[in-house]
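What follows is target-v6.txt (compact mmCIF, C-alpha atoms).
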# COMPACT_ATOMS: atom_id res chain seq x y z
CA MET P 15 0.00 0.00 0.00
CA ILE P 16 2.79 2.44 0.96
CA ALA P 17 4.70 1.58 -2.20
CA ARG P 18 1.59 2.28 -4.32
CA ILE P 19 1.09 5.63 -2.61
CA ARG P 20 4.70 6.61 -3.20
CA SER P 21 4.50 5.65 -6.86
CA SER P 22 1.21 7.47 -7.46
CA ASP P 23 1.58 10.42 -9.81
CA LEU P 24 -1.46 12.03 -8.19
CA VAL P 25 0.20 11.90 -4.77
CA ARG P 26 3.56 13.09 -6.14
CA HIS P 27 2.16 15.98 -8.15
CA GLY P 28 -0.35 16.77 -5.45
CA ALA P 29 2.50 17.05 -2.94
CA ILE P 30 4.42 19.38 -5.24
CA ALA P 31 1.38 21.57 -5.86
CA PHE P 32 0.56 21.54 -2.17
CA ALA P 33 4.11 22.63 -1.30
CA GLY P 34 3.74 25.61 -3.60
CA VAL P 35 0.36 26.44 -2.09
CA VAL P 36 1.79 26.20 1.44
CA ILE P 37 4.68 28.55 0.67
CA ALA P 38 2.53 30.99 -1.28
CA SER P 39 -0.31 30.90 1.23
CA ALA P 40 2.00 31.30 4.21
CA ALA P 41 3.65 34.31 2.56
CA ASN P 42 0.32 35.72 1.41
CA TYR P 43 -1.21 35.50 4.84
CA LEU P 44 1.95 36.82 6.45
CA PHE P 45 1.49 39.79 4.10
CA TYR P 46 -2.06 40.38 5.35
CA ILE P 47 -1.23 39.64 8.97
CA LEU P 48 1.66 42.12 9.08
CA ILE P 49 -0.24 44.80 7.20
CA SER P 50 -3.24 44.46 9.53
CA ARG P 51 -0.95 44.98 12.51
CA LEU P 52 1.25 47.72 11.04
CA ALA P 53 -1.37 49.75 9.17
CA GLY P 54 -4.54 49.41 11.26
CA VAL P 55 -8.12 48.44 10.50
CA GLU P 56 -8.96 51.14 7.94
CA THR P 57 -5.81 50.88 5.80
CA TYR P 58 -6.05 47.11 5.91
CA GLY P 59 -9.62 47.39 4.70
CA VAL P 60 -8.49 49.44 1.69
CA VAL P 61 -5.71 46.98 0.76
CA ALA P 62 -7.91 43.90 1.20
CA SER P 63 -10.84 45.43 -0.69
CA LEU P 64 -8.78 46.51 -3.69
CA ILE P 65 -6.97 43.18 -3.92
CA SER P 66 -10.33 41.40 -3.76
CA ALA P 67 -11.64 43.68 -6.51
CA ILE P 68 -8.58 42.83 -8.63
CA LEU P 69 -9.26 39.13 -8.15
CA VAL P 70 -12.92 39.53 -9.13
CA LEU P 71 -12.03 41.49 -12.27
CA SER P 72 -9.39 38.92 -13.18
CA ALA P 73 -12.05 36.21 -13.44
CA PRO P 74 -11.62 36.09 -17.26
CA ALA P 75 -7.95 35.27 -16.65
CA THR P 76 -8.90 32.25 -14.57
CA VAL P 77 -11.02 31.16 -17.50
CA VAL P 78 -8.01 31.45 -19.80
CA GLN P 79 -5.96 29.53 -17.22
CA PHE P 80 -8.42 26.69 -17.20
CA ILE P 81 -8.67 26.62 -20.98
CA ALA P 82 -4.88 26.76 -21.35
CA ALA P 83 -4.56 23.93 -18.83
CA ARG P 84 -7.14 21.87 -20.69
CA LEU P 85 -5.42 22.39 -24.07
CA ALA P 86 -1.96 21.85 -22.57
CA ALA P 87 -3.13 18.60 -20.97
CA ASP P 88 -4.18 17.30 -24.39
CA LEU P 89 -0.90 18.38 -26.02
CA ASP P 90 1.13 16.88 -23.18
CA ALA P 91 -0.76 13.60 -23.52
CA ARG P 92 0.34 13.54 -27.19
CA GLY P 93 3.92 14.50 -26.29
CA ASP P 94 3.81 17.56 -28.56
CA VAL P 95 6.39 19.78 -26.83
CA ALA P 96 6.79 22.17 -29.77
CA ALA P 97 3.06 22.85 -29.80
CA LEU P 98 3.19 23.45 -26.06
CA ARG P 99 5.83 26.13 -26.65
CA LYS P 100 3.61 27.77 -29.26
CA LEU P 101 0.66 27.62 -26.84
CA SER P 102 2.73 29.29 -24.11
CA ASP P 103 3.74 32.08 -26.51
CA ASP P 104 0.17 32.69 -27.65
CA VAL P 105 -1.21 32.68 -24.11
CA THR P 106 1.38 35.24 -22.99
CA LEU P 107 0.93 37.49 -26.03
CA TRP P 108 -2.85 37.63 -26.03
CA THR P 109 -3.28 38.07 -22.29
CA THR P 110 -0.66 40.84 -22.29
CA THR P 111 -2.55 42.66 -25.03
CA PHE P 112 -5.84 42.28 -23.16
CA ALA P 113 -4.23 43.42 -19.91
CA LEU P 114 -2.71 46.58 -21.41
CA ILE P 115 -6.08 47.71 -22.74
CA PHE P 116 -7.83 47.29 -19.42
CA VAL P 117 -4.95 48.77 -17.41
CA ALA P 118 -5.18 51.89 -19.56
CA ALA P 119 -8.95 52.04 -19.02
CA GLY P 120 -8.50 51.69 -15.25
CA ILE P 121 -5.98 54.52 -15.14
CA VAL P 122 -8.24 56.80 -17.20
CA GLU P 123 -11.22 56.10 -14.91
CA ARG P 124 -9.23 56.19 -11.68
CA GLN P 125 -11.21 59.05 -10.12
CA PRO P 126 -14.72 57.50 -10.23
CA ILE P 127 -13.27 54.17 -9.12
CA ALA P 128 -11.64 55.85 -6.13
CA GLU P 129 -14.96 57.49 -5.25
CA PHE P 130 -16.71 54.09 -5.34
CA PHE P 131 -14.31 52.85 -2.65
CA HIS P 132 -14.51 56.14 -0.72
CA LEU P 133 -10.82 56.90 -1.30
CA THR P 134 -9.35 60.42 -1.22
CA SER P 135 -6.33 59.45 -3.37
CA THR P 136 -6.27 57.78 -6.79
CA ALA P 137 -2.77 56.33 -6.34
CA PRO P 138 -4.05 52.99 -4.97
CA ILE P 139 -6.32 52.68 -8.01
CA VAL P 140 -3.47 53.24 -10.47
CA ILE P 141 -1.31 50.66 -8.70
CA SER P 142 -4.23 48.23 -8.58
CA ALA P 143 -4.81 48.63 -12.33
CA ILE P 144 -1.20 47.68 -13.06
CA THR P 145 -1.42 44.77 -10.64
CA PHE P 146 -4.57 43.58 -12.38
CA GLY P 147 -2.73 43.49 -15.73
CA LEU P 148 0.16 41.48 -14.31
CA LEU P 149 -2.19 39.05 -12.56
CA THR P 150 -4.03 38.46 -15.83
CA VAL P 151 -0.81 37.41 -17.59
CA VAL P 152 0.57 35.28 -14.73
CA THR P 153 -2.71 33.46 -14.16
CA ALA P 154 -2.95 32.45 -17.81
CA GLN P 155 0.71 31.37 -17.91
CA ARG P 156 0.13 29.09 -14.94
CA GLY P 157 -2.53 27.26 -16.91
CA VAL P 158 0.05 26.04 -19.43
CA LEU P 159 2.35 24.79 -16.66
CA GLN P 160 -0.57 23.13 -14.88
CA GLY P 161 -1.87 21.31 -17.94
CA ALA P 162 1.62 20.17 -18.97
CA HIS P 163 2.09 18.63 -15.50
CA HIS P 164 5.00 20.95 -14.63
CA PHE P 165 3.73 21.38 -11.10
CA GLY P 166 7.19 22.29 -9.80
CA ASP P 167 7.28 25.40 -11.97
CA TYR P 168 3.61 26.08 -11.28
CA SER P 169 4.35 26.05 -7.56
CA ALA P 170 7.49 28.14 -8.04
CA THR P 171 5.50 30.98 -9.60
CA GLN P 172 3.22 30.95 -6.56
CA ALA P 173 6.16 30.91 -4.15
CA VAL P 174 7.94 33.76 -5.95
CA ASP P 175 4.73 35.79 -5.89
CA GLY P 176 4.14 35.21 -2.18
CA VAL P 177 7.66 35.80 -0.88
CA ILE P 178 8.34 38.97 -2.88
CA ARG P 179 4.90 40.32 -1.97
CA VAL P 180 5.87 40.27 1.70
CA ALA P 181 9.40 41.57 1.13
CA VAL P 182 8.17 44.61 -0.81
CA GLY P 183 4.64 45.36 0.42
CA VAL P 184 5.09 45.11 4.18
CA PRO P 185 8.00 47.60 4.52
CA LEU P 186 6.33 50.08 2.16
CA VAL P 187 2.93 50.08 3.89
CA THR P 188 4.41 51.81 6.92
CA SER P 189 5.64 54.77 4.85
CA LEU P 190 3.24 54.88 1.89
CA GLY P 191 0.07 53.49 3.44
CA ALA P 192 -2.30 51.50 1.24
CA SER P 193 -0.35 52.41 -1.91
CA GLY P 194 2.81 50.92 -0.43
CA GLY P 195 1.07 47.72 0.54
CA LEU P 196 -0.42 47.36 -2.93
CA LEU P 197 3.03 47.72 -4.52
CA GLY P 198 3.92 44.33 -3.01
CA PRO P 199 1.65 42.32 -5.35
CA THR P 200 2.65 44.50 -8.28
CA VAL P 201 6.35 43.70 -7.97
CA SER P 202 5.80 40.06 -7.01
CA LEU P 203 3.56 39.34 -9.98
CA ALA P 204 6.07 40.94 -12.34
CA ALA P 205 8.71 38.55 -10.99
CA ALA P 206 6.34 35.58 -11.36
CA ALA P 207 5.69 36.50 -15.01
CA VAL P 208 9.43 36.56 -15.72
CA TYR P 209 9.84 33.16 -14.05
CA SER P 210 7.07 31.69 -16.21
CA LEU P 211 8.86 32.87 -19.36
CA TYR P 212 12.01 31.15 -18.12
CA ALA P 213 10.06 27.95 -17.39
CA PHE P 214 8.55 27.91 -20.88
CA HIS P 215 12.01 28.14 -22.43
CA ALA P 216 13.52 25.54 -20.08
CA ARG P 217 10.71 22.96 -20.37
CA PHE P 218 9.54 23.37 -23.97
CA GLY P 219 12.69 24.54 -25.76
CA THR P 220 12.78 26.99 -28.64
CA ARG P 221 11.08 25.00 -31.39
CA ARG P 222 7.51 26.01 -32.15
CA ALA P 223 4.90 23.98 -34.01
CA PRO P 224 1.48 25.02 -35.28
CA LEU P 225 -1.38 24.29 -32.93
CA ALA P 226 -3.72 21.77 -34.53
CA LEU P 227 -6.76 22.51 -32.40
CA ASP P 228 -10.39 21.54 -32.82
CA ARG P 229 -12.13 24.93 -33.01
CA LYS P 230 -15.53 23.47 -32.16
CA LEU P 231 -14.05 21.78 -29.13
CA ILE P 232 -12.41 25.05 -28.06
CA ALA P 233 -15.71 26.91 -28.48
CA ARG P 234 -17.46 24.38 -26.25
CA VAL P 235 -14.70 24.51 -23.66
CA VAL P 236 -14.61 28.32 -23.74
CA SER P 237 -18.34 28.70 -23.26
CA ASN P 238 -18.72 26.07 -20.55
CA VAL P 239 -15.41 26.41 -18.73
CA GLY P 240 -15.61 30.17 -19.06
CA LEU P 241 -18.96 30.45 -17.31
CA GLY P 242 -18.06 27.87 -14.68
CA GLN P 243 -14.66 29.25 -13.78
CA MET P 244 -15.84 32.87 -13.74
CA THR P 245 -18.69 31.88 -11.44
CA PHE P 246 -16.36 30.34 -8.88
CA THR P 247 -13.83 33.16 -9.03
CA VAL P 248 -16.46 35.85 -8.55
CA LEU P 249 -18.08 33.93 -5.68
CA ALA P 250 -14.74 33.72 -3.90
CA PHE P 251 -14.01 37.45 -3.87
CA TYR P 252 -17.02 39.64 -4.69
CA ASP P 253 -18.21 40.24 -1.13
CA VAL P 254 -15.32 42.28 0.31
CA PRO P 255 -15.46 45.09 -2.29
CA LEU P 256 -19.25 45.35 -1.87
CA ILE P 257 -18.91 45.58 1.90
CA LYS P 258 -16.24 48.29 1.48
CA HIS P 259 -18.68 50.29 -0.65
CA ALA P 260 -21.69 49.78 1.66
CA PHE P 261 -20.21 50.13 5.15
CA ASP P 262 -17.89 52.52 6.95
CA ALA P 263 -14.13 52.00 6.80
CA ARG P 264 -13.82 50.28 10.18
CA THR P 265 -16.70 47.85 9.60
CA ALA P 266 -15.29 47.01 6.18
CA GLY P 267 -11.90 46.31 7.75
CA LEU P 268 -13.46 43.95 10.30
CA TYR P 269 -15.33 42.06 7.58
CA ALA P 270 -12.15 41.82 5.49
CA ALA P 271 -10.39 40.18 8.45
CA ALA P 272 -13.10 37.51 8.74
CA ALA P 273 -12.93 37.01 4.98
CA LEU P 274 -9.17 36.51 5.29
CA VAL P 275 -9.81 33.59 7.67
CA GLY P 276 -12.20 31.99 5.19
CA ARG P 277 -9.87 32.51 2.27
CA ALA P 278 -7.07 30.90 4.20
CA LEU P 279 -9.16 27.74 4.06
CA LEU P 280 -9.74 28.18 0.32
CA ALA P 281 -6.02 28.70 -0.22
CA VAL P 282 -5.05 25.57 1.74
CA LEU P 283 -7.33 23.45 -0.45
CA SER P 284 -6.62 25.21 -3.75
CA PHE P 285 -4.02 22.63 -4.78
CA VAL P 286 -6.72 19.94 -5.00
CA PRO P 287 -8.68 21.28 -8.03
CA THR P 288 -5.35 22.29 -9.59
CA VAL P 289 -4.29 18.65 -9.66
CA ILE P 290 -7.72 17.04 -10.14
CA MET P 291 -8.53 18.53 -13.56
CA PRO P 292 -5.53 17.31 -15.61
CA LYS P 293 -5.39 14.02 -13.68
CA ALA P 294 -9.06 13.29 -14.44
CA THR P 295 -8.35 13.92 -18.13
CA ALA P 296 -5.28 11.68 -18.08
CA ARG P 297 -7.02 8.83 -16.27
CA VAL P 298 -9.92 8.73 -18.68
CA ALA P 299 -7.51 8.84 -21.63
CA ALA P 300 -5.74 5.83 -20.07
CA ARG P 301 -9.14 4.09 -19.61
CA ARG P 302 -8.91 4.23 -15.81
CA SER P 303 -11.80 5.31 -13.61
CA PRO P 304 -11.24 8.76 -12.04
CA LEU P 305 -13.92 8.29 -9.36
CA PRO P 306 -11.62 6.79 -6.67
CA MET P 307 -9.30 9.77 -7.14
CA LEU P 308 -12.21 12.17 -6.63
CA GLY P 309 -13.37 10.27 -3.56
CA GLY P 310 -9.96 10.56 -1.93
CA ALA P 311 -9.72 14.25 -2.76
CA LEU P 312 -13.15 15.02 -1.34
CA GLY P 313 -12.43 13.00 1.79
CA LEU P 314 -9.31 15.07 2.45
CA CYS P 315 -11.15 18.34 1.83
CA VAL P 316 -14.10 17.43 4.07
CA ALA P 317 -11.70 16.60 6.91
CA VAL P 318 -9.84 19.91 6.57
CA VAL P 319 -13.08 21.92 6.33
CA GLY P 320 -14.52 20.16 9.38
CA VAL P 321 -11.49 20.95 11.52
CA ALA P 322 -11.46 24.58 10.39
CA VAL P 323 -15.17 25.17 11.07
CA LEU P 324 -14.88 23.49 14.47
CA ALA P 325 -11.97 25.78 15.40
CA GLY P 326 -13.91 28.84 14.25
CA TRP P 327 -16.93 27.79 16.29
CA LEU P 328 -15.10 26.87 19.51
CA ALA P 329 -12.44 29.61 19.53
CA PRO P 330 -13.40 32.43 17.13
CA ILE P 331 -11.57 35.13 19.08
CA ALA P 332 -8.35 33.12 19.08
CA VAL P 333 -8.67 32.42 15.35
CA ILE P 334 -9.27 36.06 14.35
CA THR P 335 -6.53 37.27 16.70
CA ILE P 336 -3.97 34.88 15.25
CA ILE P 337 -4.85 35.80 11.68
CA ALA P 338 -5.43 39.56 11.92
CA GLY P 339 -4.59 40.76 15.45
CA ARG P 340 -6.49 41.89 18.53
CA ALA P 341 -7.76 45.02 16.78
CA PHE P 342 -10.13 42.78 14.81
CA VAL P 343 -11.76 40.78 17.65
CA GLU P 344 -15.15 42.38 16.92
CA ALA P 345 -15.26 40.24 13.78
CA SER P 346 -15.24 36.99 15.81
CA PRO P 347 -19.04 36.32 15.58
CA ILE P 348 -18.84 35.85 11.82
CA VAL P 349 -15.70 33.68 11.72
CA ALA P 350 -17.39 30.25 11.97
CA PRO P 351 -20.15 30.89 9.39
CA TYR P 352 -17.62 32.44 7.01
CA LEU P 353 -15.42 29.35 7.34
CA ALA P 354 -18.43 27.12 6.64
CA ALA P 355 -19.28 29.15 3.53
CA SER P 356 -15.69 29.00 2.30
CA GLY P 357 -15.56 25.27 2.94
CA ALA P 358 -18.68 24.67 0.86
CA LEU P 359 -17.21 26.71 -1.99
CA ALA P 360 -13.91 24.82 -1.77
CA LEU P 361 -15.69 21.46 -2.06
CA ALA P 362 -17.77 22.73 -4.98
CA ASN P 363 -14.58 23.88 -6.72
CA VAL P 364 -13.06 20.39 -6.43
CA VAL P 365 -16.12 18.70 -7.92
CA ALA P 366 -16.35 21.31 -10.69
CA ALA P 367 -12.67 20.86 -11.64
CA TYR P 368 -13.20 17.09 -11.79
CA LYS P 369 -16.24 17.45 -14.05
CA MET P 370 -14.51 19.96 -16.30
CA GLY P 371 -11.61 17.57 -16.71
CA LEU P 372 -14.18 15.08 -18.04
CA HIS P 373 -15.90 17.69 -20.25
CA ARG P 374 -19.01 17.54 -18.09
CA TYR P 375 -20.67 20.91 -17.83
CA ASP P 376 -24.14 20.04 -16.53
CA PHE P 377 -23.55 22.08 -13.37
CA VAL P 378 -22.49 25.33 -15.08
CA ILE P 379 -25.86 26.99 -15.75
CA PRO P 380 -27.45 25.95 -12.41
CA ALA P 381 -24.37 27.22 -10.54
CA LEU P 382 -24.49 30.50 -12.47
CA ILE P 383 -28.17 30.95 -11.59
CA VAL P 384 -27.50 30.30 -7.91
CA ALA P 385 -24.55 32.72 -8.00
CA VAL P 386 -26.64 35.50 -9.57
CA ILE P 387 -29.33 35.06 -6.90
CA GLU P 388 -26.72 35.05 -4.13
CA ILE P 389 -24.84 38.13 -5.35
CA THR P 390 -28.04 40.07 -6.03
CA THR P 391 -29.38 39.29 -2.56
CA PHE P 392 -26.04 40.19 -0.99
CA ALA P 393 -25.82 43.49 -2.87
CA PHE P 394 -29.29 44.72 -1.93
CA TRP P 395 -29.83 43.22 1.52
CA HIS P 396 -27.05 43.22 4.12
CA PRO P 397 -28.31 45.00 7.27
CA THR P 398 -25.56 43.42 9.38
CA LEU P 399 -22.29 41.63 8.72
CA LEU P 400 -23.75 38.39 10.07
CA SER P 401 -26.68 38.54 7.65
CA ALA P 402 -24.24 39.08 4.79
CA VAL P 403 -22.22 36.01 5.77
CA LEU P 404 -25.35 33.88 6.10
CA ILE P 405 -26.26 34.80 2.53
CA LEU P 406 -22.80 33.58 1.48
CA LEU P 407 -23.27 30.34 3.39
CA ILE P 408 -26.67 29.53 1.91
CA GLY P 409 -25.55 30.42 -1.61
CA HIS P 410 -22.27 28.50 -1.46
CA VAL P 411 -23.99 25.38 -0.10
CA ALA P 412 -26.51 25.59 -2.96
CA VAL P 413 -23.64 25.82 -5.47
CA LEU P 414 -22.06 22.72 -3.93
CA GLY P 415 -25.38 20.93 -4.28
CA VAL P 416 -25.69 21.61 -8.01
CA THR P 417 -22.12 20.46 -8.69
CA LEU P 418 -22.88 17.11 -7.07
CA LEU P 419 -25.75 16.36 -9.45
CA ARG P 420 -25.12 13.33 -11.69
CA LEU P 421 -21.73 12.73 -10.12
CA ASN P 422 -22.03 8.97 -10.69
CA ALA P 423 -22.84 9.22 -14.40
CA PRO P 424 -20.90 6.72 -16.54
CA VAL P 425 -17.41 7.92 -17.47
CA LEU P 426 -16.49 7.88 -21.16
CA ASN P 427 -13.13 8.56 -22.72
CA ALA P 428 -12.45 12.23 -23.52
CA GLY P 429 -13.31 12.02 -27.20
CA ALA P 430 -16.48 10.04 -26.61
CA THR P 431 -17.54 12.49 -23.93
CA GLU P 432 -17.25 15.38 -26.34
CA ARG P 433 -19.15 13.56 -29.09
CA ALA P 434 -21.89 12.54 -26.67
CA GLN P 435 -22.42 16.09 -25.48
CA GLY P 436 -22.39 17.69 -28.92
CA VAL P 437 -22.14 21.42 -29.44
CA ALA P 438 -23.10 23.32 -26.30

Mind converting the file's structure to structure tokens?
Amino acid sequence: MIARIRSSDLVRHGAIAFAGVVIASAANYLFYILISRLAGVETYGVVASLISAILVLSAPATVVQFIAARLAADLDARGDVAALRKLSDDVTLWTTTFALIFVAAGIVERQPIAEFFHLTSTAPIVISAITFGLLTVVTAQRGVLQGAHHFGDYSATQAVDGVIRVAVGVPLVTSLGASGGLLGPTVSLAAAAVYSLYAFHARFGTRRAPLALDRKLIARVVSNVGLGQMTFTVLAFYDVPLIKHAFDARTAGLYAAAALVGRALLAVLSFVPTVIMPKATARVAARRSPLPMLGGALGLCVAVVGVAVLAGWLAPIAVITIIAGRAFVEASPIVAPYLAASGALALANVVAAYKMGLHRYDFVIPALIVAVIEITTFAFWHPTLLSAVLILLIGHVAVLGVTLLRLNAPVLNAGATERAQGVA
């Protein structure tokens, strides 16, 4: 049994991806923890809200990441390294072009955006716009590394991002305030983009080959994966910017601290869907059932979520103090329900990644409908922070429910699955 576990590519690659997540998450949360203690509740609220807004707006990039990973997985299965190099070039070029256009638009509209977040300076908005552009490129680049099973490089980009973010952002927040803190992600993402370019050259060489891609297949993947991945990305980050707009600066800072606790849970489990998607594709291509793999992944996630929610319920003050500091203890009543909501979303993300790896998109439209209802309710009805978190919890559990529908449907090989589903 031990020998089989050691020889398992899922375990090996999962361990590598998890190591990257641990380093990146530890650095990322050290970044937030230090800023919350050095800058105070209000400045922390600004930094957390703008970073959350960046992540929401970068949802299209997560779609590109998933699509790039899906295409790279197919090319890797065929051993077409030259085509992988061409894919990496195209992904970098097109996302950079897209990012430059939207960065320019953000800079032009910096004043109304600053007013939306109740900011007196536009400098944080300009920095956030540049950060958004870099995140778009890096996210898409990671998709190629993920799909090609280069999880070491995938994890390295996360580690570079996390470590440099702390080294730059934390010292600058004390002198430049929110703008200084936001410069941390800007510099770290630039370094991660450079590392990805190095990894493409080192792993795929210099020879390029034309990409022989099925355009109908890409259209189906884009439409289905696009909607699904954007739904999960928006659900993970939309709430903090809306709270910053609706409540005073201190209340928004308290909510952001509770959200940080929940997102710590999401970050810890983020390596699971990263590994599940390409592994599900590979197992079906090899005519092996992917269901045992999914069962093991969900079992691990349920255990982690259970421990986290129990800790948040039994010792919420200790949890919020460890994560954000004693200045945020007023947020303790919403820690446990926020952890439960984040846990439900994490489990839904795992199941969705598994289904996407099998070209199963039956959950996409129902999940989108649930998400629209949740976000609309959240936006127009949030009399207290606790009521806002309960809306998250109900909505995220409903999303998990729709992803679990038809989970035991017969598994076909990748090509048969696509033919059976037809054009979406």

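Residues in contact with region 407-417 of chain P at up to 7 Å, not including ones fewer than 4 positions away on its chain and judged by all atoms listed in the file, are Pro351, Ala354, Ala355, Ala358, Leu359, Leu361, Ala362, Val365, Ala366, Phe377, Pro380, Ala381, Val384, Ala385, Glu388 and Val403 of chain P.
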
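Between CA of Leu225 (chain P) and CA of Val158 (chain P) lies a distance of 13.7 Å.
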
* **Selection: 12 Å around Asp376 (chain P), all atoms listed in the file, excl. self and same-chain fewer than 4 positions, as JSON, numbers by chain** => {"P": [238, 239, 241, 242, 365, 366, 369, 370, 372, 380, 381, 382, 416, 417, 418, 419, 420, 421, 423, 435, 438]}

Keeping only C-alpha atoms, write the selected residues to a file as a PDB file, in the frame of the given file.
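Output contents, as saved in selection.pdb:
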ATOM      1  CA  ASN P 238     -18.720  26.070 -20.550  1.00  0.00           C
ATOM      2  CA  VAL P 239     -15.410  26.410 -18.730  1.00  0.00           C
ATOM      3  CA  LEU P 241     -18.960  30.450 -17.310  1.00  0.00           C
ATOM      4  CA  GLY P 242     -18.060  27.870 -14.680  1.00  0.00           C
ATOM      5  CA  VAL P 365     -16.120  18.700  -7.920  1.00  0.00           C
ATOM      6  CA  ALA P 366     -16.350  21.310 -10.690  1.00  0.00           C
ATOM      7  CA  LYS P 369     -16.240  17.450 -14.050  1.00  0.00           C
ATOM      8  CA  MET P 370     -14.510  19.960 -16.300  1.00  0.00           C
ATOM      9  CA  LEU P 372     -14.180  15.080 -18.040  1.00  0.00           C
ATOM     10  CA  PRO P 380     -27.450  25.950 -12.410  1.00  0.00           C
ATOM     11  CA  ALA P 381     -24.370  27.220 -10.540  1.00  0.00           C
ATOM     12  CA  LEU P 382     -24.490  30.500 -12.470  1.00  0.00           C
ATOM     13  CA  VAL P 416     -25.690  21.610  -8.010  1.00  0.00           C
ATOM     14  CA  THR P 417     -22.120  20.460  -8.690  1.00  0.00           C
ATOM     15  CA  LEU P 418     -22.880  17.110  -7.070  1.00  0.00           C
ATOM     16  CA  LEU P 419     -25.750  16.360  -9.450  1.00  0.00           C
ATOM     17  CA  ARG P 420     -25.120  13.330 -11.690  1.00  0.00           C
ATOM     18  CA  LEU P 421     -21.730  12.730 -10.120  1.00  0.00           C
ATOM     19  CA  ALA P 423     -22.840   9.220 -14.400  1.00  0.00           C
ATOM     20  CA  GLN P 435     -22.420  16.090 -25.480  1.00  0.00           C
ATOM     21  CA  ALA P 438     -23.100  23.320 -26.300  1.00  0.00           C
TER      22      ALA P 438
END

* Asked: What does the distance from CA of Pro224 (chain P) to CA of Ala73 (chain P) come to in Å, to one decimal?
  -> 28.0 Å

* To do: Determine the nearest neighbour of Ala75 (chain P) from the options P:His163, P:Ala143, P:Ala137, P:Met244, counting all atoms listed in the file.
  => P:Met244

* If you count all atoms listed in the file, which residues fall within 12 Å of Thr390 (chain P), apart from same-chain ones fewer than 4 positions away, as a count of residues only? -> 15

* Could you pull the residues within 9 Å of region 289-294 of chain P, counting all atoms listed in the file, minus those fewer than 6 positions along the same chain, as a ChimeraX atom specification? -> /P:23-24,27-28,31,80,83-84,87-88,160-163,165,303-305,307-308,311,364-372

* Structure fact -> Nearest to Val36 (chain P), restricted to only C-alpha atoms and choosing among P:Leu279, P:Val319, P:Ile389, P:Ala263, comes out as P:Leu279

Please define a box with edges along x, y and z of the file around all atoms of region 195-205 of chain P given in the file, extend it by 5 Å on each side, and return its centre and edge lengths in Å to one decimal, as AutoDock Vina command-line options.
--center_x 4.1 --center_y 43.1 --center_z -5.9 --size_x 19.1 --size_y 19.2 --size_z 22.9

* To do: Using only C-alpha atoms, find the one residue out of P:Ala223, P:Ala53, P:Val201, P:Pro138 that sits nearest to Asp104 (chain P).
  => P:Ala223

* To do: Fewer than 2 positions away in the same chain doesn't count, so skip those; otherwise give me all residues within 7 Å of Val152 (chain P), counting only C-alpha atoms, as a list in words.
  => Leu148, Leu149, Thr150, Ala154, Gln155, Arg156, Leu203, Ala206 and Ala207 of chain P

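Considering the residues P:Ser169, P:Gln79, P:Ser72, P:Thr398 and counting only C-alpha atoms, Thr265 (chain P) has its shortest atom-to-atom contact with P:Thr398.
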
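Between CA of Tyr58 (chain P) and CA of Phe116 (chain P) lies a distance of 25.4 Å.
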
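The smallest atom-to-atom distance between Arg179 (chain P) and any of P:Leu85, P:Val95, P:Ala40, P:Ala332, using all atoms listed in the file, is found for P:Ala40.
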
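When all atoms listed in the file are used to measure the gap to Leu211 (chain P), the shortest distance among P:Thr106, P:Thr335, P:Thr245, P:Ser135 belongs to P:Thr106.
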